[in-house]
file structure-v7.pdb (PDB, C-alpha atoms and all ligand atoms)
MODEL        1
ATOM      1  CA  MET A   1      95.273  93.298 123.057  1.00  0.00           C
ATOM      2  CA  GLN A   2      96.908  95.744 120.749  1.00  0.00           C
ATOM      3  CA  ASN A   3     100.487  94.831 120.092  1.00  0.00           C
ATOM      4  CA  LYS A   4     102.853  91.948 119.834  1.00  0.00           C
ATOM      5  CA  ASP A   5     103.695  91.952 123.532  1.00  0.00           C
ATOM      6  CA  ASP A   6     100.053  91.409 124.338  1.00  0.00           C
ATOM      7  CA  PHE A   7      99.894  88.429 122.016  1.00  0.00           C
ATOM      8  CA  GLU A   8     102.971  87.047 123.675  1.00  0.00           C
ATOM      9  CA  THR A   9     101.306  87.383 127.056  1.00  0.00           C
ATOM     10  CA  LEU A  10      98.136  85.839 125.704  1.00  0.00           C
ATOM     11  CA  LEU A  11      99.991  82.815 124.351  1.00  0.00           C
ATOM     12  CA  HIS A  12     101.932  82.504 127.577  1.00  0.00           C
ATOM     13  CA  GLN A  13      98.746  82.579 129.662  1.00  0.00           C
ATOM     14  CA  ASN A  14      97.448  79.698 127.579  1.00  0.00           C
ATOM     15  CA  ASN A  15     100.613  77.669 127.935  1.00  0.00           C
ATOM     16  CA  LEU A  16     101.442  78.053 124.293  1.00  0.00           C
ATOM     17  CA  LYS A  17     104.887  78.775 122.995  1.00  0.00           C
ATOM     18  CA  LYS A  18     105.353  81.894 120.969  1.00  0.00           C
ATOM     19  CA  THR A  19     105.806  80.793 117.382  1.00  0.00           C
ATOM     20  CA  LYS A  20     106.061  82.808 114.200  1.00  0.00           C
ATOM     21  CA  ALA A  21     102.902  81.198 112.831  1.00  0.00           C
ATOM     22  CA  ARG A  22     100.833  81.986 115.918  1.00  0.00           C
ATOM     23  CA  MET A  23     102.004  85.577 116.063  1.00  0.00           C
ATOM     24  CA  LEU A  24     101.386  86.166 112.344  1.00  0.00           C
ATOM     25  CA  ILE A  25      97.922  84.679 112.405  1.00  0.00           C
ATOM     26  CA  LEU A  26      96.885  86.673 115.464  1.00  0.00           C
ATOM     27  CA  GLU A  27      98.253  89.800 113.834  1.00  0.00           C
ATOM     28  CA  ILE A  28      96.171  89.185 110.701  1.00  0.00           C
ATOM     29  CA  LEU A  29      92.964  88.370 112.523  1.00  0.00           C
ATOM     30  CA  LYS A  30      93.294  91.190 115.030  1.00  0.00           C
ATOM     31  CA  ASP A  31      91.451  93.750 112.942  1.00  0.00           C
ATOM     32  CA  SER A  32      89.819  91.565 110.391  1.00  0.00           C
ATOM     33  CA  GLN A  33      86.505  89.943 109.783  1.00  0.00           C
ATOM     34  CA  PRO A  34      86.402  86.158 110.129  1.00  0.00           C
ATOM     35  CA  LYS A  35      88.699  84.422 107.691  1.00  0.00           C
ATOM     36  CA  THR A  36      89.047  80.881 106.444  1.00  0.00           C
ATOM     37  CA  ALA A  37      92.413  79.162 106.712  1.00  0.00           C
ATOM     38  CA  ASP A  38      92.775  79.641 102.953  1.00  0.00           C
ATOM     39  CA  GLU A  39      92.180  83.350 103.248  1.00  0.00           C
ATOM     40  CA  ILE A  40      94.688  83.647 106.077  1.00  0.00           C
ATOM     41  CA  TYR A  41      97.142  81.708 103.980  1.00  0.00           C
ATOM     42  CA  SER A  42      96.792  84.000 100.975  1.00  0.00           C
ATOM     43  CA  THR A  43      96.977  87.142 103.141  1.00  0.00           C
ATOM     44  CA  LEU A  44     100.224  85.833 104.603  1.00  0.00           C
ATOM     45  CA  ASN A  45     101.649  85.127 101.207  1.00  0.00           C
ATOM     46  CA  LYS A  46     100.786  88.586  99.950  1.00  0.00           C
ATOM     47  CA  ALA A  47     102.756  89.985 102.858  1.00  0.00           C
ATOM     48  CA  ASN A  48     105.632  87.659 102.058  1.00  0.00           C
ATOM     49  CA  ASP A  49     105.306  85.839 105.338  1.00  0.00           C
ATOM     50  CA  LYS A  50     105.291  82.375 103.974  1.00  0.00           C
ATOM     51  CA  LEU A  51     103.698  79.633 105.997  1.00  0.00           C
ATOM     52  CA  ASN A  52     102.387  76.516 104.421  1.00  0.00           C
ATOM     53  CA  LEU A  53      98.691  75.880 104.412  1.00  0.00           C
ATOM     54  CA  SER A  54      98.814  72.941 106.785  1.00  0.00           C
ATOM     55  CA  THR A  55     100.677  75.069 109.322  1.00  0.00           C
ATOM     56  CA  VAL A  56      97.966  77.701 109.037  1.00  0.00           C
ATOM     57  CA  TYR A  57      95.269  75.080 109.594  1.00  0.00           C
ATOM     58  CA  ARG A  58      97.078  73.528 112.516  1.00  0.00           C
ATOM     59  CA  THR A  59      97.814  76.861 114.146  1.00  0.00           C
ATOM     60  CA  CYS A  60      94.229  78.048 113.801  1.00  0.00           C
ATOM     61  CA  GLU A  61      92.983  74.821 115.335  1.00  0.00           C
ATOM     62  CA  THR A  62      95.387  75.115 118.262  1.00  0.00           C
ATOM     63  CA  LEU A  63      94.363  78.709 118.910  1.00  0.00           C
ATOM     64  CA  ALA A  64      90.682  77.827 118.593  1.00  0.00           C
ATOM     65  CA  LYS A  65      91.037  75.003 121.109  1.00  0.00           C
ATOM     66  CA  LYS A  66      92.399  77.497 123.600  1.00  0.00           C
ATOM     67  CA  ASP A  67      89.521  79.867 122.835  1.00  0.00           C
ATOM     68  CA  ILE A  68      91.942  82.471 121.571  1.00  0.00           C
ATOM     69  CA  LEU A  69      90.296  82.273 118.192  1.00  0.00           C
ATOM     70  CA  LEU A  70      86.650  81.689 117.656  1.00  0.00           C
ATOM     71  CA  LYS A  71      85.848  79.040 115.091  1.00  0.00           C
ATOM     72  CA  SER A  72      82.567  79.323 113.264  1.00  0.00           C
ATOM     73  CA  ASN A  73      80.769  77.259 110.699  1.00  0.00           C
ATOM     74  CA  PHE A  74      77.868  79.509 110.044  1.00  0.00           C
ATOM     75  CA  THR A  75      77.863  79.878 106.293  1.00  0.00           C
ATOM     76  CA  ASP A  76      76.329  77.471 103.818  1.00  0.00           C
ATOM     77  CA  ASP A  77      79.661  76.638 102.266  1.00  0.00           C
ATOM     78  CA  GLY A  78      80.521  74.681 105.425  1.00  0.00           C
ATOM     79  CA  ILE A  79      84.018  76.129 105.611  1.00  0.00           C
ATOM     80  CA  ALA A  80      85.276  77.010 109.058  1.00  0.00           C
ATOM     81  CA  ARG A  81      86.185  80.609 109.662  1.00  0.00           C
ATOM     82  CA  TYR A  82      88.381  81.891 112.419  1.00  0.00           C
ATOM     83  CA  GLU A  83      88.336  85.186 114.154  1.00  0.00           C
ATOM     84  CA  TYR A  84      90.037  86.907 116.983  1.00  0.00           C
ATOM     85  CA  CYS A  85      87.543  88.140 119.474  1.00  0.00           C
ATOM     86  CA  GLN A  86      88.936  90.465 122.073  1.00  0.00           C
ATOM     87  CA  SER A  87      85.916  92.163 123.542  1.00  0.00           C
ATOM     88  CA  GLY A  88      83.688  89.191 124.195  1.00  0.00           C
ATOM     89  CA  HIS A  89      81.217  90.695 121.786  1.00  0.00           C
ATOM     90  CA  VAL A  90      80.628  88.943 118.523  1.00  0.00           C
ATOM     91  CA  HIS A  91      77.992  90.247 116.182  1.00  0.00           C
ATOM     92  CA  HIS A  92      77.762  89.201 112.582  1.00  0.00           C
ATOM     93  CA  ALA A  93      75.377  89.616 109.730  1.00  0.00           C
ATOM     94  CA  ILE A  94      75.720  86.686 107.370  1.00  0.00           C
ATOM     95  CA  CYS A  95      74.547  86.962 103.796  1.00  0.00           C
ATOM     96  CA  LEU A  96      72.574  83.957 102.582  1.00  0.00           C
ATOM     97  CA  GLY A  97      73.261  84.963  99.011  1.00  0.00           C
ATOM     98  CA  CYS A  98      77.026  85.284  98.833  1.00  0.00           C
ATOM     99  CA  ASN A  99      78.199  84.037 102.267  1.00  0.00           C
ATOM    100  CA  LYS A 100      79.737  87.395 103.043  1.00  0.00           C
ATOM    101  CA  ILE A 101      80.135  88.068 106.754  1.00  0.00           C
ATOM    102  CA  ILE A 102      79.672  91.613 107.909  1.00  0.00           C
ATOM    103  CA  PRO A 103      80.933  92.423 111.396  1.00  0.00           C
ATOM    104  CA  ILE A 104      78.459  94.581 113.287  1.00  0.00           C
ATOM    105  CA  ASN A 105      80.047  96.982 115.687  1.00  0.00           C
ATOM    106  CA  ASP A 106      76.879  98.161 117.320  1.00  0.00           C
ATOM    107  CA  CYS A 107      75.971  96.012 120.252  1.00  0.00           C
ATOM    108  CA  PRO A 108      72.253  95.365 120.201  1.00  0.00           C
ATOM    109  CA  PHE A 109      72.359  94.118 123.777  1.00  0.00           C
ATOM    110  CA  GLY A 110      73.352  97.347 125.421  1.00  0.00           C
ATOM    111  CA  LYS A 111      72.370  97.038 129.044  1.00  0.00           C
ATOM    112  CA  PHE A 112      71.187  93.465 128.650  1.00  0.00           C
ATOM    113  CA  ASP A 113      74.291  92.017 130.270  1.00  0.00           C
ATOM    114  CA  GLN A 114      73.540  94.056 133.378  1.00  0.00           C
ATOM    115  CA  VAL A 115      69.955  92.810 133.421  1.00  0.00           C
ATOM    116  CA  MET A 116      71.261  89.251 133.298  1.00  0.00           C
ATOM    117  CA  LYS A 117      73.346  90.017 136.353  1.00  0.00           C
ATOM    118  CA  SER A 118      70.739  91.853 138.419  1.00  0.00           C
ATOM    119  CA  LYS A 119      67.724  89.761 137.503  1.00  0.00           C
ATOM    120  CA  TYR A 120      69.207  86.304 136.999  1.00  0.00           C
ATOM    121  CA  GLY A 121      72.477  86.591 138.899  1.00  0.00           C
ATOM    122  CA  PHE A 122      74.154  85.500 135.716  1.00  0.00           C
ATOM    123  CA  ASP A 123      77.579  86.901 135.002  1.00  0.00           C
ATOM    124  CA  VAL A 124      77.782  87.372 131.236  1.00  0.00           C
ATOM    125  CA  LYS A 125      81.268  87.060 129.833  1.00  0.00           C
ATOM    126  CA  SER A 126      80.555  87.072 126.160  1.00  0.00           C
ATOM    127  CA  HIS A 127      77.828  86.718 123.627  1.00  0.00           C
ATOM    128  CA  ARG A 128      77.494  86.088 119.969  1.00  0.00           C
ATOM    129  CA  ILE A 129      74.759  87.104 117.644  1.00  0.00           C
ATOM    130  CA  GLU A 130      74.295  85.862 114.129  1.00  0.00           C
ATOM    131  CA  ILE A 131      71.908  87.659 111.867  1.00  0.00           C
ATOM    132  CA  TYR A 132      70.978  86.040 108.581  1.00  0.00           C
ATOM    133  CA  GLY A 133      69.741  87.814 105.502  1.00  0.00           C
ATOM    134  CA  TYR A 134      70.861  89.366 102.253  1.00  0.00           C
ATOM    135  CA  CYS A 135      73.588  91.950 101.915  1.00  0.00           C
ATOM    136  CA  HIS A 136      73.239  95.179 100.027  1.00  0.00           C
ATOM    137  CA  ASP A 137      74.759  93.733  96.835  1.00  0.00           C
ATOM    138  CA  CYS A 138      72.581  90.653  96.865  1.00  0.00           C
ATOM    139  CA  CYS A 139      69.463  92.744  97.474  1.00  0.00           C
ATOM    140  CA  LYS A 140      70.282  94.789  94.403  1.00  0.00           C
ATOM    141  CA  LYS A 141      70.871  91.653  92.340  1.00  0.00           C
ATOM    142  CA  ASN A 142      67.603  90.111  93.457  1.00  0.00           C
ATOM    143  CA  LYS A 143      65.674  93.210  92.489  1.00  0.00           C
ATOM    144  CA  LYS A 144      67.060  93.148  88.980  1.00  0.00           C
ATOM    145  CA  LYS A 145      65.847  89.632  88.355  1.00  0.00           C
TER
HETATM  146 ZN    ZN B 201      75.443  88.906  99.611  1.00  0.00          ZN
HETATM  147 ZN    ZN B 202      77.609  92.943 122.129  1.00  0.00          ZN
ENDMDL
END
call {"tool": "encode", "arguments": {"input": "structure-v7.pdb", "output": "structure tokens"}}
result
Amino acid sequence: MQNKDDFETLLHQNNLKKTKARMLILEILKDSQPKTADEIYSTLNKANDKLNLSTVYRTCETLAKKDILLKSNFTDDGIARYEYCQSGHVHHAICLGCNKIIPINDCPFGKFDQVMKSKYGFDVKSHRIEIYGYCHDCCKKNKKK
């Protein structure tokens, strides 16, 4: 999934019409860490692609229902975040201090998916890992105290 044509295909496969809102939101989330609807909204407005906030919410919900976006509620603030997950791998480190979410590109599972297949006959399609702790900045702050 790299370009607009792919998003069009993706929407089509999910029986969704191609709309400006859907395309813009996918475009924003493509290479980004998980964002809240508010954050998506402000990113859009910075780029002069104006959508109203309720459209952003609605669109994210629609895309999440179709599993095109992944919706998560893993921070303490209780605000849903959306992300576009193309590889089936989702790895995050979540800071308990400032709620920052750091995407982890290294897959700690490595050959694990193959073990699942050979040993358990289980065909792994995706996985998600959430690691909780304190980010670099928060560690520094805590030390100062
Ligand atoms: Zn932090
Ligand atoms: Zn992985």
call {"tool": "residues_near_ligand", "arguments": {"input": "structure-v7.pdb", "ligand": "ligand ZN 201 (chain B)", "cutoff": "7 Å", "atoms": "all atoms listed in the file", "output": "list in words"}}
result
Cys95, Leu96, Gly97, Cys98, Asn99, Lys100, Tyr134, Cys135, His136, Asp137 and Cys138 of chain A
call {"tool": "residues_near_ligand", "arguments": {"input": "structure-v7.pdb", "ligand": "ligand ZN 202 (chain B)", "cutoff": "6 Å", "atoms": "all atoms listed in the file", "output": "VMD selection string"}}
result
chain A and resid 89 107 109
call {"tool": "resolve_selection", "arguments": {"input": "structure-v7.pdb", "expression": "the PyMOL selection byres (((chain A and resi 27-41) around 9) and not hetatm)", "output": "ChimeraX atom specification"}}
result
/A:1-4,7,22-26,42-46,50-54,56-57,60,69-72,79-86,101-103
call {"tool": "closest_residue", "arguments": {"input": "structure-v7.pdb", "among": "A:Thr55, A:Thr9, A:Asn15, A:Thr75", "to": "Ile131 of chain A", "atoms": "only C-alpha atoms"}}
result
A:Thr75
call {"tool": "closest_residue", "arguments": {"input": "structure-v7.pdb", "among": "A:Lys144, A:Gly88, A:Asn48, A:Asp76", "to": "Val124 of chain A", "atoms": "all atoms listed in the file"}}
result
A:Gly88
call {"tool": "residues_around", "arguments": {"input": "structure-v7.pdb", "residues": "Asn105 of chain A", "least_positions_apart": "3", "cutoff": "9 Å", "atoms": "only C-alpha atoms", "output": "PyMOL selection string"}}
result
chain A and resi 89-92
